[in-house]
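What's in run-v4.csv: CSV, C-alpha atoms
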chain,number,residue,atom,x,y,z
L,1,MET,CA,-15.8,-24.2,-74.6
L,2,MET,CA,-15.6,-21.1,-76.8
L,3,GLY,CA,-17.8,-18.0,-76.1
L,4,LEU,CA,-17.8,-14.2,-76.2
L,5,ASN,CA,-17.3,-12.5,-72.8
L,6,LYS,CA,-17.9,-8.9,-71.8
L,7,VAL,CA,-16.9,-6.8,-68.8
L,8,VAL,CA,-17.6,-3.2,-68.0
L,9,ILE,CA,-15.1,-1.4,-65.7
L,10,ALA,CA,-16.2,1.9,-64.1
L,11,ASP,CA,-14.1,4.9,-63.4
L,12,TYR,CA,-13.4,3.9,-59.8
L,13,GLU,CA,-12.5,0.3,-60.8
L,14,ARG,CA,-9.7,-1.6,-62.5
L,15,GLY,CA,-9.7,-5.0,-64.1
L,16,LEU,CA,-7.1,-7.6,-63.3
L,17,LYS,CA,-6.8,-9.7,-66.5
L,18,TYR,CA,-5.7,-13.3,-66.0
L,19,THR,CA,-4.7,-15.5,-69.0
L,20,ASN,CA,-4.6,-19.2,-68.0
L,21,ARG,CA,-4.7,-18.0,-64.4
L,22,ARG,CA,-1.6,-15.8,-64.8
L,23,LEU,CA,-1.8,-12.0,-64.4
L,24,THR,CA,-1.1,-10.5,-67.8
L,25,ALA,CA,-2.6,-7.0,-67.7
L,26,VAL,CA,-4.4,-4.3,-65.7
L,27,LEU,CA,-7.4,-2.9,-67.5
L,28,ALA,CA,-8.4,0.7,-67.2
L,29,PRO,CA,-12.0,1.9,-67.1
L,30,GLY,CA,-14.0,0.9,-70.3
L,31,VAL,CA,-15.8,-2.0,-72.0
L,32,TYR,CA,-13.9,-5.1,-72.9
L,33,ARG,CA,-14.8,-8.2,-74.9
L,34,TRP,CA,-12.8,-11.4,-75.5
L,35,LEU,CA,-13.2,-14.8,-76.8
L,36,ASN,CA,-12.2,-17.8,-74.8
L,37,ARG,CA,-10.5,-20.7,-76.6
L,38,PRO,CA,-9.8,-24.2,-75.3
L,39,ASN,CA,-6.1,-23.5,-74.8
L,40,ARG,CA,-6.5,-19.9,-73.8
L,41,LYS,CA,-8.9,-19.0,-70.9
L,42,VAL,CA,-9.2,-15.3,-70.0
L,43,GLU,CA,-10.7,-14.1,-66.8
L,44,VAL,CA,-11.1,-10.5,-65.5
L,45,GLN,CA,-11.4,-9.6,-61.8
L,46,VAL,CA,-12.9,-6.2,-61.2
L,47,VAL,CA,-11.6,-4.4,-58.1
L,48,ASP,CA,-12.6,-1.1,-56.4
L,49,VAL,CA,-9.6,1.2,-56.3
L,50,THR,CA,-11.1,3.8,-53.9
L,51,THR,CA,-9.7,1.9,-50.9
L,52,GLY,CA,-6.2,2.5,-52.2
L,53,ARG,CA,-5.0,-1.0,-51.3
L,54,LEU,CA,-5.0,-4.0,-53.6
L,55,GLN,CA,-6.5,-6.8,-51.5
L,56,LEU,CA,-5.5,-10.1,-53.0
L,57,PRO,CA,-4.4,-13.4,-51.6
L,58,ARG,CA,-0.8,-14.3,-52.0
L,59,ILE,CA,0.1,-10.7,-52.9
L,60,GLU,CA,3.8,-11.2,-52.3
L,61,TYR,CA,3.8,-14.0,-54.9
L,62,LEU,CA,2.1,-11.7,-57.4
L,63,VAL,CA,4.7,-9.0,-56.9
L,64,ARG,CA,7.6,-11.4,-57.4
L,65,ASN,CA,6.2,-13.2,-60.5
L,66,ALA,CA,4.4,-10.5,-62.4
L,67,PRO,CA,6.6,-7.5,-62.0
L,68,GLU,CA,5.8,-6.0,-65.4
L,69,ALA,CA,2.1,-6.0,-64.8
L,70,VAL,CA,2.5,-4.6,-61.3
L,71,ALA,CA,5.0,-1.9,-61.9
L,72,ALA,CA,2.8,0.3,-64.2
L,73,GLN,CA,-0.2,0.4,-61.9
L,74,PHE,CA,0.9,-0.4,-58.4
L,75,GLU,CA,3.2,0.9,-55.7
L,76,VAL,CA,4.7,-1.8,-53.5
L,77,ILE,CA,5.4,-0.9,-49.8
L,78,ALA,CA,7.6,-3.4,-47.8
L,79,ILE,CA,7.7,-2.9,-44.1
L,80,GLY,CA,10.8,-4.0,-42.2
L,81,PRO,CA,10.8,-6.5,-39.3
L,82,GLN,CA,11.2,-3.7,-36.7
L,83,GLU,CA,8.9,-1.2,-38.3
L,84,LEU,CA,5.2,-0.3,-38.5
L,85,GLY,CA,3.7,1.5,-41.5
L,86,LEU,CA,1.0,4.2,-41.0
L,87,VAL,CA,-0.9,4.5,-44.2
L,88,TYR,CA,-2.3,7.9,-45.1
L,89,LEU,CA,-4.7,8.3,-48.0
L,90,ASN,CA,-5.5,11.9,-49.1
L,91,GLY,CA,-3.9,13.2,-45.9
L,92,ARG,CA,-5.9,11.0,-43.5
L,93,LEU,CA,-4.8,8.0,-41.5
L,94,ASN,CA,-6.4,5.0,-43.2
L,95,GLY,CA,-4.5,1.9,-42.0
L,96,LEU,CA,-1.6,0.2,-40.4
L,97,LEU,CA,0.9,-2.2,-41.8
L,98,GLN,CA,2.4,-4.8,-39.5
L,99,PRO,CA,6.2,-5.6,-39.3
L,100,GLY,CA,7.4,-7.6,-42.3
L,101,ALA,CA,4.2,-6.8,-44.3
L,102,VAL,CA,4.2,-6.2,-48.1
L,103,GLN,CA,1.3,-4.2,-49.4
L,104,VAL,CA,0.4,-3.1,-52.9
L,105,PHE,CA,-1.4,0.2,-53.5
L,106,TRP,CA,-3.0,1.7,-56.6
L,107,LYS,CA,-0.8,4.5,-57.9
L,108,ASP,CA,-3.6,6.8,-59.2
L,109,ALA,CA,-6.3,5.9,-56.7
L,110,ALA,CA,-5.4,8.5,-54.0
L,111,ASP,CA,-2.6,10.6,-52.6
L,112,LEU,CA,-0.6,7.9,-50.8
L,113,ARG,CA,1.8,8.4,-47.9
L,114,VAL,CA,3.3,5.7,-45.7
L,115,GLU,CA,4.9,6.9,-42.4
L,116,ARG,CA,7.3,4.3,-41.0
L,117,VAL,CA,7.6,3.9,-37.2
L,118,ASP,CA,10.9,2.5,-35.8
L,119,LEU,CA,10.1,-0.1,-33.1
L,120,SER,CA,13.7,-0.9,-32.1
L,121,GLY,CA,13.7,2.1,-29.7
L,122,SER,CA,10.9,3.5,-27.6
L,123,ILE,CA,7.5,2.1,-28.4
L,124,GLU,CA,5.4,4.7,-26.5
L,125,VAL,CA,2.9,6.5,-28.6
L,126,ASP,CA,2.4,10.3,-28.4
L,127,PRO,CA,-1.1,11.2,-27.0
L,128,LYS,CA,-1.9,13.1,-30.2
L,129,ARG,CA,-1.1,10.0,-32.3
L,130,VAL,CA,-3.2,7.9,-30.0
L,131,GLN,CA,-6.2,10.1,-30.6
L,132,GLU,CA,-5.5,10.0,-34.4
L,133,VAL,CA,-5.5,6.2,-34.4
L,134,LEU,CA,-8.7,6.1,-32.4
L,135,ARG,CA,-10.5,8.5,-34.7
L,136,SER,CA,-9.2,6.9,-37.9
L,137,GLY,CA,-11.2,4.5,-40.1
L,138,MET,CA,-8.6,1.7,-40.0
L,139,PRO,CA,-9.9,-1.8,-39.4
L,140,ALA,CA,-10.3,-3.0,-35.8
L,141,ASP,CA,-7.7,-5.8,-36.2
L,142,GLU,CA,-5.1,-3.2,-37.3
L,143,LYS,CA,-5.9,-1.0,-34.3
L,144,ARG,CA,-5.0,-3.9,-32.0
L,145,ALA,CA,-1.3,-3.1,-32.7
L,146,LEU,CA,-1.8,-0.1,-30.4
L,147,TYR,CA,-2.0,-1.2,-26.8
L,148,LEU,CA,-4.0,1.3,-24.7
L,149,ARG,CA,-4.4,1.6,-21.0
L,150,GLN,CA,-6.2,4.2,-18.9
L,151,VAL,CA,-4.7,5.1,-15.5
L,152,ALA,CA,-7.1,6.9,-13.1
L,153,ASP,CA,-6.0,9.8,-10.8
L,154,HIS,CA,-6.2,7.5,-7.8
L,155,GLU,CA,-4.0,4.8,-9.4
L,156,ALA,CA,-0.5,4.1,-10.5
L,157,GLY,CA,0.4,2.2,-13.6
L,158,LEU,CA,3.4,-0.2,-13.8
L,159,LEU,CA,4.6,-0.6,-17.4
L,160,LEU,CA,6.0,-4.0,-18.3
L,161,ILE,CA,7.7,-4.7,-21.6
L,162,ASP,CA,8.8,-8.2,-22.4
L,163,GLY,CA,7.8,-9.1,-18.8
L,164,ARG,CA,10.2,-6.6,-17.3
L,165,PHE,CA,9.3,-3.5,-15.3
L,166,GLU,CA,10.2,-0.3,-17.1
L,167,ARG,CA,8.7,2.6,-15.2
L,168,LEU,CA,5.7,4.0,-13.4
L,169,LEU,CA,2.9,5.7,-15.4
L,170,GLU,CA,1.2,8.9,-14.3
L,171,PRO,CA,-2.7,9.1,-14.5
L,172,GLY,CA,-4.0,9.5,-18.0
L,173,LEU,CA,-4.4,7.5,-21.3
L,174,HIS,CA,-1.2,5.7,-22.4
L,175,GLY,CA,-0.5,4.0,-25.7
L,176,PHE,CA,2.3,1.6,-26.9
L,177,TRP,CA,3.0,-0.2,-30.1
L,178,ALA,CA,2.7,-3.8,-29.2
L,179,ALA,CA,3.4,-5.3,-32.6
L,180,THR,CA,6.8,-6.8,-31.9
L,181,ARG,CA,7.1,-6.7,-28.0
L,182,PRO,CA,4.5,-7.8,-25.5
L,183,VAL,CA,3.3,-4.8,-23.4
L,184,THR,CA,1.3,-4.9,-20.2
L,185,VAL,CA,0.3,-2.2,-17.7
L,186,GLU,CA,-0.6,-3.3,-14.2
L,187,VAL,CA,-2.8,-0.8,-12.4
L,188,VAL,CA,-2.5,-0.4,-8.6
L,189,ASP,CA,-5.2,1.4,-6.5
L,190,LEU,CA,-3.6,3.9,-4.2
L,191,ARG,CA,-6.7,4.6,-2.1
L,192,LEU,CA,-7.4,3.4,1.4
L,193,GLN,CA,-8.4,-0.3,1.3
L,194,ALA,CA,-10.3,-2.4,3.8
L,195,LEU,CA,-9.4,-6.0,4.6
L,196,GLU,CA,-11.5,-8.5,6.7
L,197,VAL,CA,-9.9,-11.4,8.6
L,198,SER,CA,-13.1,-13.3,9.6
L,199,GLY,CA,-13.9,-16.5,11.4
L,200,GLN,CA,-10.6,-17.1,13.0
L,201,GLU,CA,-10.8,-20.1,15.4
L,202,MET,CA,-8.2,-20.0,18.2
L,203,LEU,CA,-7.5,-20.8,21.9
L,204,THR,CA,-6.7,-18.4,24.6
L,205,LYS,CA,-3.9,-18.9,27.2
L,206,ASP,CA,-6.4,-20.6,29.5
L,207,LYS,CA,-7.6,-23.0,26.7
L,208,VAL,CA,-10.9,-21.3,25.9
L,209,SER,CA,-12.0,-21.8,22.3
L,210,LEU,CA,-13.4,-18.7,20.6
L,211,ARG,CA,-13.9,-17.2,17.1
L,212,ILE,CA,-12.6,-13.7,16.3
L,213,ASN,CA,-13.3,-11.3,13.4
L,214,LEU,CA,-10.7,-8.7,12.6
L,215,ALA,CA,-10.8,-5.6,10.3
L,216,ALA,CA,-7.9,-3.7,9.0
L,217,SER,CA,-7.3,-0.7,6.7
L,218,TYR,CA,-4.2,-0.2,4.5
L,219,ARG,CA,-2.9,1.6,1.4
L,220,VAL,CA,-0.2,0.9,-1.2
L,221,THR,CA,2.5,3.5,-0.8
L,222,ASP,CA,5.1,2.1,-3.1
L,223,PRO,CA,3.7,0.1,-6.1
L,224,VAL,CA,7.1,-1.0,-7.3
L,225,LYS,CA,8.0,-2.6,-3.9
L,226,ALA,CA,4.5,-4.1,-3.6
L,227,ARG,CA,4.9,-5.9,-6.9
L,228,ALA,CA,8.5,-7.0,-6.3
L,229,GLY,CA,8.1,-8.0,-2.7
L,230,SER,CA,5.3,-10.5,-3.0
L,231,ALA,CA,3.3,-12.4,-5.6
L,232,ASP,CA,0.1,-11.3,-3.9
L,233,VAL,CA,0.7,-8.5,-1.4
L,234,VAL,CA,-2.9,-8.4,-0.1
L,235,ASP,CA,-2.7,-12.1,0.6
L,236,GLN,CA,0.6,-11.6,2.4
L,237,LEU,CA,-1.0,-8.9,4.6
L,238,TYR,CA,-4.0,-11.2,5.3
L,239,ARG,CA,-1.7,-14.0,6.5
L,240,THR,CA,0.4,-11.6,8.6
L,241,LEU,CA,-2.7,-10.3,10.4
L,242,GLN,CA,-3.7,-13.9,11.0
L,243,PHE,CA,-0.4,-14.8,12.6
L,244,GLY,CA,-0.4,-11.6,14.7
L,245,LEU,CA,-3.9,-12.2,15.9
L,246,ARG,CA,-3.1,-15.8,16.9
L,247,GLN,CA,0.0,-14.8,18.7
L,248,ALA,CA,-1.7,-12.0,20.6
L,249,VAL,CA,-4.8,-14.2,21.6
L,250,GLY,CA,-2.6,-17.2,22.6
L,251,GLY,CA,-0.7,-15.1,25.1
L,252,ARG,CA,-3.8,-13.8,27.0
L,253,ASP,CA,-6.4,-15.5,29.2
L,254,LEU,CA,-10.1,-14.9,28.5
L,255,GLU,CA,-10.7,-12.4,31.2
L,256,ARG,CA,-7.8,-10.2,30.1
L,257,LEU,CA,-8.9,-10.6,26.4
L,258,LEU,CA,-12.4,-9.4,27.1
L,259,GLY,CA,-11.4,-6.7,29.4
L,260,GLN,CA,-8.6,-5.1,27.3
L,261,LYS,CA,-9.6,-5.4,23.7
L,262,GLY,CA,-7.8,-2.2,22.9
L,263,GLU,CA,-4.5,-3.8,24.0
L,264,LEU,CA,-5.2,-6.6,21.6
L,265,ASP,CA,-5.7,-4.2,18.7
L,266,ASP,CA,-2.4,-2.4,19.5
L,267,GLU,CA,-0.4,-5.6,19.6
L,268,VAL,CA,-1.7,-7.0,16.3
L,269,PHE,CA,-1.2,-3.6,14.7
L,270,ALA,CA,2.4,-3.4,15.9
L,271,TYR,CA,3.2,-6.9,14.7
L,272,ALA,CA,1.6,-6.6,11.3
L,273,ALA,CA,3.0,-3.1,10.6
L,274,ALA,CA,6.6,-4.3,11.2
L,275,GLN,CA,6.1,-7.3,9.0
L,276,VAL,CA,4.8,-5.5,5.9
L,277,GLU,CA,7.0,-2.4,6.2
L,278,GLY,CA,9.2,-3.6,3.3
L,279,LEU,CA,6.3,-4.6,1.0
L,280,GLY,CA,5.3,-1.1,0.0
L,281,LEU,CA,2.2,-1.1,2.2
L,282,SER,CA,1.2,1.3,5.0
L,283,LEU,CA,-1.1,-0.3,7.6
L,284,GLU,CA,-3.4,2.4,8.8
L,285,ALA,CA,-5.6,0.7,11.5
L,286,VAL,CA,-6.4,-2.7,13.0
L,287,GLY,CA,-9.5,-3.5,15.1
L,288,VAL,CA,-11.2,-6.6,16.5
L,289,LYS,CA,-14.8,-6.5,15.4
L,290,ASP,CA,-16.3,-9.5,17.2
L,291,ILE,CA,-15.2,-12.1,19.9
L,292,ILE,CA,-17.6,-15.0,19.6
L,293,LEU,CA,-17.7,-17.6,22.4
L,294,PRO,CA,-19.2,-21.1,22.3
L,295,GLY,CA,-22.6,-21.6,23.7
L,296,ASP,CA,-21.6,-23.3,27.0
L,297,MET,CA,-18.9,-20.8,27.7
L,298,LYS,CA,-21.3,-18.0,27.1
L,299,ALA,CA,-23.8,-19.4,29.6
L,300,ILE,CA,-21.0,-19.7,32.2
L,301,LEU,CA,-19.9,-16.1,31.7
L,302,ASN,CA,-23.5,-15.0,32.0
L,303,GLN,CA,-23.8,-16.7,35.4
L,304,VAL,CA,-20.5,-15.1,36.5
L,305,VAL,CA,-21.7,-11.7,35.5
L,306,GLU,CA,-25.1,-12.2,37.1
L,307,ALA,CA,-23.4,-13.3,40.4
L,308,GLN,CA,-21.1,-10.2,40.3
L,309,LYS,CA,-24.1,-7.9,39.8
L,310,VAL,CA,-26.0,-9.5,42.6
L,311,SER,CA,-23.0,-9.1,44.9
L,312,GLU,CA,-22.6,-5.5,43.9
L,313,ALA,CA,-26.3,-4.9,44.5
L,314,ASN,CA,-26.0,-6.4,48.0
L,315,VAL,CA,-23.1,-4.2,48.9
L,316,ILE,CA,-24.9,-1.1,47.7
L,317,ARG,CA,-28.0,-2.1,49.7
L,318,ARG,CA,-26.0,-2.7,52.9
L,319,ARG,CA,-24.2,0.6,52.4
L,320,GLU,CA,-27.6,2.4,52.1
L,321,GLU,CA,-29.0,0.7,55.1
L,322,THR,CA,-26.0,1.6,57.2
L,323,ALA,CA,-26.3,5.2,56.0
L,324,ALA,CA,-30.0,5.3,56.9
L,325,THR,CA,-29.4,3.8,60.4
L,326,ARG,CA,-26.6,6.3,61.0
L,327,SER,CA,-29.0,9.1,59.9
L,328,LEU,CA,-31.7,7.9,62.3
L,329,LEU,CA,-29.2,7.7,65.2
L,330,ASN,CA,-28.1,11.3,64.6
L,331,THR,CA,-31.7,12.4,64.4
L,332,ALA,CA,-32.6,10.6,67.7
L,333,LYS,CA,-29.6,12.3,69.5
L,334,LEU,CA,-30.8,15.7,68.3
L,335,MET,CA,-34.3,15.0,69.5
L,336,ASP,CA,-33.1,13.7,72.9
L,337,ASP,CA,-31.2,16.9,73.4
L,338,ASN,CA,-34.0,19.2,72.1
L,339,PRO,CA,-37.6,18.5,73.2
L,340,THR,CA,-39.0,21.2,70.9
L,341,LEU,CA,-37.5,19.5,67.9
L,342,LEU,CA,-39.1,16.2,69.0
L,343,ARG,CA,-42.4,18.0,69.4
L,344,LEU,CA,-42.1,19.3,65.8
L,345,LYS,CA,-41.4,15.9,64.6
L,346,GLU,CA,-44.4,14.5,66.3
L,347,LEU,CA,-46.6,17.2,64.8
L,348,GLU,CA,-45.1,16.3,61.4
L,349,MET,CA,-46.1,12.7,61.9
L,350,LEU,CA,-49.5,13.8,63.1
L,351,GLU,CA,-50.0,15.7,59.9
L,352,LYS,CA,-49.2,12.6,57.8
L,353,VAL,CA,-51.6,10.5,59.9
L,354,THR,CA,-54.5,12.9,59.6
L,355,GLU,CA,-54.1,12.9,55.8
L,356,LYS,CA,-55.4,9.3,55.8
L,357,ILE,CA,-58.2,9.8,58.4
L,358,ASP,CA,-61.6,11.2,57.4
L,359,GLN,CA,-62.7,12.6,60.7
L,360,ILE,CA,-61.1,13.5,64.1
L,361,THR,CA,-63.1,14.5,67.2
L,362,VAL,CA,-61.1,16.8,69.6
L,363,TYR,CA,-62.1,17.9,73.1
L,364,GLY,CA,-60.6,20.9,74.9
L,365,GLY,CA,-59.9,23.0,71.9
L,366,LEU,CA,-56.5,23.7,70.5
L,367,ASP,CA,-54.9,23.0,73.9
L,368,GLY,CA,-56.4,19.6,73.7
L,369,VAL,CA,-54.9,19.0,70.3
L,370,LEU,CA,-51.5,20.1,71.4
L,371,ASN,CA,-51.4,18.4,74.8
L,372,GLU,CA,-53.9,15.6,74.9
L,373,LEU,CA,-53.7,14.1,71.4
L,374,VAL,CA,-50.0,14.0,71.3
L,375,LYS,CA,-48.1,13.5,74.6
L,376,ILE,CA,-44.4,14.3,75.0
L,377,GLY,CA,-42.4,12.1,77.3
L,378,GLY,CA,-45.5,10.5,78.9
L,379,GLN,CA,-46.7,13.9,80.3
L,380,ARG,CA,-50.2,15.2,79.9

Let me see the file written as structure tokens.
Amino acid sequence: MMGLNKVVIADYERGLKYTNRRLTAVLAPGVYRWLNRPNRKVEVQVVDVTTGRLQLPRIEYLVRNAPEAVAAQFEVIAIGPQELGLVYLNGRLNGLLQPGAVQVFWKDAADLRVERVDLSGSIEVDPKRVQEVLRSGMPADEKRALYLRQVADHEAGLLLIDGRFERLLEPGLHGFWAATRPVTVEVVDLRLQALEVSGQEMLTKDKVSLRINLAASYRVTDPVKARAGSADVVDQLYRTLQFGLRQAVGGRDLERLLGQKGELDDEVFAYAAAQVEGLGLSLEAVGVKDIILPGDMKAILNQVVEAQKVSEANVIRRREETAATRSLLNTAKLMDDNPTLLRLKELEMLEKVTEKIDQITVYGGLDGVLNELVKIGGQR
């Protein structure tokens, strides 16, 4: 079907002219008209050149099969298999080209510069370059070529490249190009950590069943050893504390276990500290939090404790009675040897008796009080 077609191309645009679906020309800004014929179909695709890049599907095919149309207007950038391309437009970082990429840029759209990064050597990114990438306007999918990891001041970072340990990372923000090689940073906390070993059912030496809760504190002193020595160093420490606790409890009877809990803590600590010494851990403290007895055993122990306390109370009572009797005997001996002292004691008792009597009638005056009311030795 024949017809007159028109397209207007602005100053910031270009037109890609396709004749029978083949690129035949690049149109500059202006107004264009053409007539389609049955055997000659013309199409014009208008594109914005301010982005610098020519975003078209199958761009590599276009470069290979329409070199004349491409050469006058475009600059072709090919990135090697071990390279990254940092695209600068008008002096500012605008994008990133992946290894093996081919990208076409408009020649007169902007001041173009492509900086190539060699990935065959070190892939660590300078901190200034990291900040430049983060502040740039490049698409998010292109930023993913930069692997970032923050290491806090109480942490250590283990850098792994291709699954192999490379080195320890100091605290700070670290960046690596991860376009050709997998990069991982494992972060290890170096602060004091707590570990609970709870609900451990076990038997004492005298076959008493009980449940024990244990608490421990530790810290990672060598992250490299901790990673290489065990698949899960915390789980290894947990199991070591379990074994140490069972060994210590199984070698003690209940009475010794309850009476010397500090001794149990020391034995478990010594056992576990020796076992984890080569794992890059430092065991700081171990303590038994709770020893929980079954209900029937708890009742028996309560009876034993009650009987012990009753026995102790009886001993104390007898000791006090003996002391009181001895004191009375000594007082009696003193009074027997000293009648005046006995008289004073009688008067003291008289004073206590009179406190509870409302009225006393005395005959004979003071002499009657002293001689008749209270008699010494049966004399009047």

Handout entry: Which of L:Val46, L:Leu192, L:Leu119, L:Val208 sits closest to Thr221 (chain L) [using all atoms listed in the file]
Key =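 Result for the nearest residue to Thr221 (chain L): L:Leu192.
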
Problem - Between CA of His174 (chain L) and CA of Gly121 (chain L), distance in Å (one decimal) - result: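 If I compute the distance from CA of His174 (chain L) to CA of Gly121 (chain L), I get 17.0 Å.
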
Practice task
May I have the protein, DNA and RNA residues with any atom at most 10 Å from the point (4.7, -7.9, 13.3), counting all atoms listed in the file, written as JSON, numbers by chain?
Solution key: {"L": [240, 241, 243, 244, 245, 247, 267, 268, 269, 270, 271, 272, 273, 274, 275, 276, 277]}

Same residues, C-alpha atoms, output as a short mmCIF file (atom, residue, chain, number, x, y, z; two decimals), in the coordinates of the input:
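Generated output (part.cif):
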data_model
loop_
_atom_site.label_atom_id
_atom_site.label_comp_id
_atom_site.auth_asym_id
_atom_site.auth_seq_id
_atom_site.Cartn_x
_atom_site.Cartn_y
_atom_site.Cartn_z
CA THR L 240 0.40 -11.60 8.60
CA LEU L 241 -2.70 -10.30 10.40
CA PHE L 243 -0.40 -14.80 12.60
CA GLY L 244 -0.40 -11.60 14.70
CA LEU L 245 -3.90 -12.20 15.90
CA GLN L 247 0.00 -14.80 18.70
CA GLU L 267 -0.40 -5.60 19.60
CA VAL L 268 -1.70 -7.00 16.30
CA PHE L 269 -1.20 -3.60 14.70
CA ALA L 270 2.40 -3.40 15.90
CA TYR L 271 3.20 -6.90 14.70
CA ALA L 272 1.60 -6.60 11.30
CA ALA L 273 3.00 -3.10 10.60
CA ALA L 274 6.60 -4.30 11.20
CA GLN L 275 6.10 -7.30 9.00
CA VAL L 276 4.80 -5.50 5.90
CA GLU L 277 7.00 -2.40 6.20
#

Problem - Straight-line distance linking CA of Arg116 (chain L) with CA of Phe74 (chain L), stated in Å to one decimal - result: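 Distance reported for this atom pair: 19.1 Å.
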
Handout entry: Option closest in space to Asp111 (chain L), from L:Pro339, L:Gly91, L:Gly163, L:Pro81 [counting only C-alpha atoms]
Key =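 Smallest separation from Asp111 (chain L) among the options: L:Gly91.
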
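Comparing the minimum interatomic distances between Leu293 (chain L) and each of L:Leu329, L:Leu35, L:Ile212, L:Val26, counting all atoms listed in the file, we find that L:Ile212 sits nearest.
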
Handout entry: Nearest to Gly157 (chain L) by atom-to-atom distance, counting all atoms listed in the file, from L:Lys207, L:Arg129, L:Arg227, L:Arg219
Key =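 Of the candidates, the smallest distance to Gly157 (chain L) is held by L:Arg227.
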
Neighbours of Gln103 (chain L) within 7 Å (only C-alpha atoms; same-chain residues fewer than 3 positions away dropped), as a PDB file with C-alpha atoms, keeping the file's coordinate frame?
ATOM      1  CA  VAL L  76       4.700  -1.800 -53.500  1.00  0.00           C
ATOM      2  CA  ILE L  77       5.400  -0.900 -49.800  1.00  0.00           C
ATOM      3  CA  ALA L  78       7.600  -3.400 -47.800  1.00  0.00           C
TER       4      ALA L  78
END

Problem - Protein and nucleic acid residues near (-8.1, -21.1, 29.5) (cut-off 10 Å, only C-alpha atoms) as number ranges by chain - result: L: 203-209, 250, 252-255

Handout entry: Top pick for closest residue to Ala101 (chain L), considering L:Gln200, L:Gln82, L:Thr184, L:Asn330 and counting all atoms listed in the file
Key =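 Going through L:Gln200, L:Gln82, L:Thr184, L:Asn330 one by one, the smallest distance to Ala101 (chain L) is for L:Gln82.
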